[in-house]
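The structure appears below as structure tokens.
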Amino acid sequence: MRPLIELTEKELEALAAEYSQPPFRAKQLGGYILKGTEISDMTSLPKAFREALENAGAVTLSVRVEKTFESAADGTRKYLFALGDGNIVEGVLMRYSYGNTLCVSTQVGCAMGCRFCASTLEGKIRDLTASEMLSMVAAADRDNARDGKRGVTNVVLMGSGEPLDNYAQVVAFLRRLCSDKGLGISRRNVSLSTCGLCEKIRALAGEDCAPVLTVSLHAPDDDIRRTIMPIANRYTVKEVVDAAEYYFKKTSRRVIFEYSLIRGVNDTKDCARKLSALLRGFPCHVNLIRLNRVPERGLEGSDAHTVKVFSDELTRLGTSNTVRRTLGSDIDGACGQLRRRYLSDGGSCRD
Ligand code: SAH
């Protein structure tokens with residue numbers, strides 16, 4: 001039997017009928033499924049129905065937690081989720097004072113080819129479905145719920161994959177994620193990160209589920225961006241910033257630009273000045289992060305002093321910015337790194 005989360009309302013009704021249950025049981029079942037509840041905990045359903053479903057091999061979610069790793073340093077928990085077809089994707093749960101943020105993958109692999117990113121080394125294997133993405137959130141929520149508190153309060157689409165290259169499934173996922181009937185996560189607590197597919201950014205601005213937008217810029221001009229991000233051959237930095245500005249105007253949500261500092265590539269004071277000029281007049285925010293070293297890529301993060309000089313220069317020029325901490329670096333926190341190590345170790349992930 002397919003995981004229940006993948007069934008439509010009509011299919012749930014048919015399932016209930018198969019077990020001689022009235023249609024309202026299908027509605028109850030649907031409510032539980034959206035919350036990721038296990039069948040044995042669906043206590044408002046008749047026990048006989050629950051047992052019959054379990055005996056038929058029914059499961060709620062379409063992913064299984066294959067392995068978890070917990071960072072000793074900061075409590076960041078990394079998940080390897082197994083999909084129905086045997087593929088493995090990552091999710092990372094980060095703990096903050098305001099709640100727990102789950103970083104979700106949107107594709108197995110990625111087609112974007114960014115030179116510093118481990119997710120894209122073998123290209124895109126396939127898109128994830130909305131049900132698979134929702135299943136990851138529900139599984140992590142269940143795993144981290146404590147004392148009646150939600151296990152996941154915030155979601156960021158920043159795992160492996162380019163969310164806007166899987167637009168229809170990502171939008172379907174966002175709708176279900178934010179639905180009152182389901183996990184009911186506020187869209188203010190959901191962020192989507194993109195390398196900047198401009199038409200899709202504009203389309204997303206018109207969706208009722210439009211989340212907070214984060215744009216991976218990583219360069220102040222086209223020449224530098226082309227050396228690290230192939231997508232820069234399709235859109236100029238000006239086009240990317242224009243699309244982000246359109247998103248801001250349409251949704252009234254402040255856009256964030258991600259800028260990973262890479263030693264000797266994009267980290268000079270001159271780069272900071274160019275970046276500030278590019279963003280002038282646009283009330284946005286820049287997140288600076290030291291590149292997490294990916295050995296396969298031969299690129300290094302900038303040192304702490306260079307990061308500070310870059311940040312100070314932006315601040316001096318009036319560009320709002322913060323230097324982000326790197327969480328979970330002891331457990332391969334950066335995109336795609338854990339999955340790669342897991343697969344290359346033949347599924348054991350030795351430490
Ligand atoms: N495809 C989307 C989302 C996935 S990547 C995007 O491009 O935004 C999430 C963020 O991690 C992006 O900003 C990406 O550029 C960044 N990233 C990827 N590899 C990294 C690394 N090794 N160190 C630091 N940031 C990295």
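Chain lettering (A, B, ...) mirrors the order of the structure tokens, residue numbering begins at 1 for each chain separately, and ligand numbering begins at 1 in order of display.
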Any residue with an atom at most 8 Å from ligand 1 counts, using only C-alpha atoms and all ligand atoms. Which are they? Put them as number ranges by chain. A: 105, 110, 112, 114, 116-119, 157-163, 192-196, 214-218, 258-261, 289-294, 301, 334-336
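Once Tyr235 (chain A) and its same-chain neighbours fewer than 4 positions away are set aside, Cys195, Gly196, Leu197, Cys198, Glu199, Leu217, Asp221, Asp222, Asp223, Arg225, Arg226, Met229, Pro230, Ile231, Glu239, Val240, Val241, Asp242 and Ala243 of chain A remain within 12 Å of it when counting only C-alpha atoms.
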Enumerate, as a PDB file with C-alpha atoms, in the first residue's frame, the complete set of residues in region 252-313 of chain A that a backbone-based DSSP assignment places in alpha helix (DSSP H).
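Result written to out.pdb:
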```pdb
ATOM      1  CA  LYS A 269      36.962  45.087   0.445  1.00  0.00           C
ATOM      2  CA  ASP A 270      36.361  46.067  -3.159  1.00  0.00           C
ATOM      3  CA  CYS A 271      33.823  43.198  -3.448  1.00  0.00           C
ATOM      4  CA  ALA A 272      32.050  44.545  -0.339  1.00  0.00           C
ATOM      5  CA  ARG A 273      31.852  47.996  -1.930  1.00  0.00           C
ATOM      6  CA  LYS A 274      30.473  46.592  -5.185  1.00  0.00           C
ATOM      7  CA  LEU A 275      27.926  44.512  -3.292  1.00  0.00           C
ATOM      8  CA  SER A 276      26.797  47.515  -1.326  1.00  0.00           C
ATOM      9  CA  ALA A 277      26.423  49.546  -4.531  1.00  0.00           C
ATOM     10  CA  LEU A 278      24.433  46.741  -6.187  1.00  0.00           C
ATOM     11  CA  LEU A 279      21.961  46.629  -3.287  1.00  0.00           C
ATOM     12  CA  ALA A 304      37.778  35.349  10.437  1.00  0.00           C
ATOM     13  CA  HIS A 305      39.609  38.662   9.968  1.00  0.00           C
ATOM     14  CA  THR A 306      38.662  38.935   6.286  1.00  0.00           C
ATOM     15  CA  VAL A 307      35.042  38.152   7.167  1.00  0.00           C
ATOM     16  CA  LYS A 308      35.050  40.933   9.756  1.00  0.00           C
ATOM     17  CA  VAL A 309      36.606  43.470   7.386  1.00  0.00           C
ATOM     18  CA  PHE A 310      34.014  42.580   4.720  1.00  0.00           C
ATOM     19  CA  SER A 311      31.144  42.900   7.174  1.00  0.00           C
ATOM     20  CA  ASP A 312      32.433  46.179   8.620  1.00  0.00           C
ATOM     21  CA  GLU A 313      32.761  47.657   5.147  1.00  0.00           C
TER      22      GLU A 313
END
```
Shortest contact to Ile228 (chain A), candidates A:Ser135, A:Thr106, A:Gln21, A:Asn266, atoms counted only C-alpha atoms, goes to A:Asn266
Between A:Thr101, A:Ser179, A:Thr268, A:Thr120, smallest distance to Asn154 (chain A) by only C-alpha atoms belongs to A:Thr101
Give me, as a PyMOL selection string, the residues of region 90-249 of chain A that a backbone DSSP run labels strand (DSSP E). chain A and resi 90-96+99-104+107-109+124-127+154-157+190-194+212-216
A straight line from CA of Glu11 (chain A) to CA of Ile88 (chain A) spans 27.5 Å
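Counting from CA of Leu204 (chain A), the distance to CA of Arg254 (chain A) is 14.5 Å.
Proximity of A:Glu122, A:Asp208, A:Glu38, A:Glu90 to Ala138 (chain A), computed with only C-alpha atoms, is greatest for A:Glu38.
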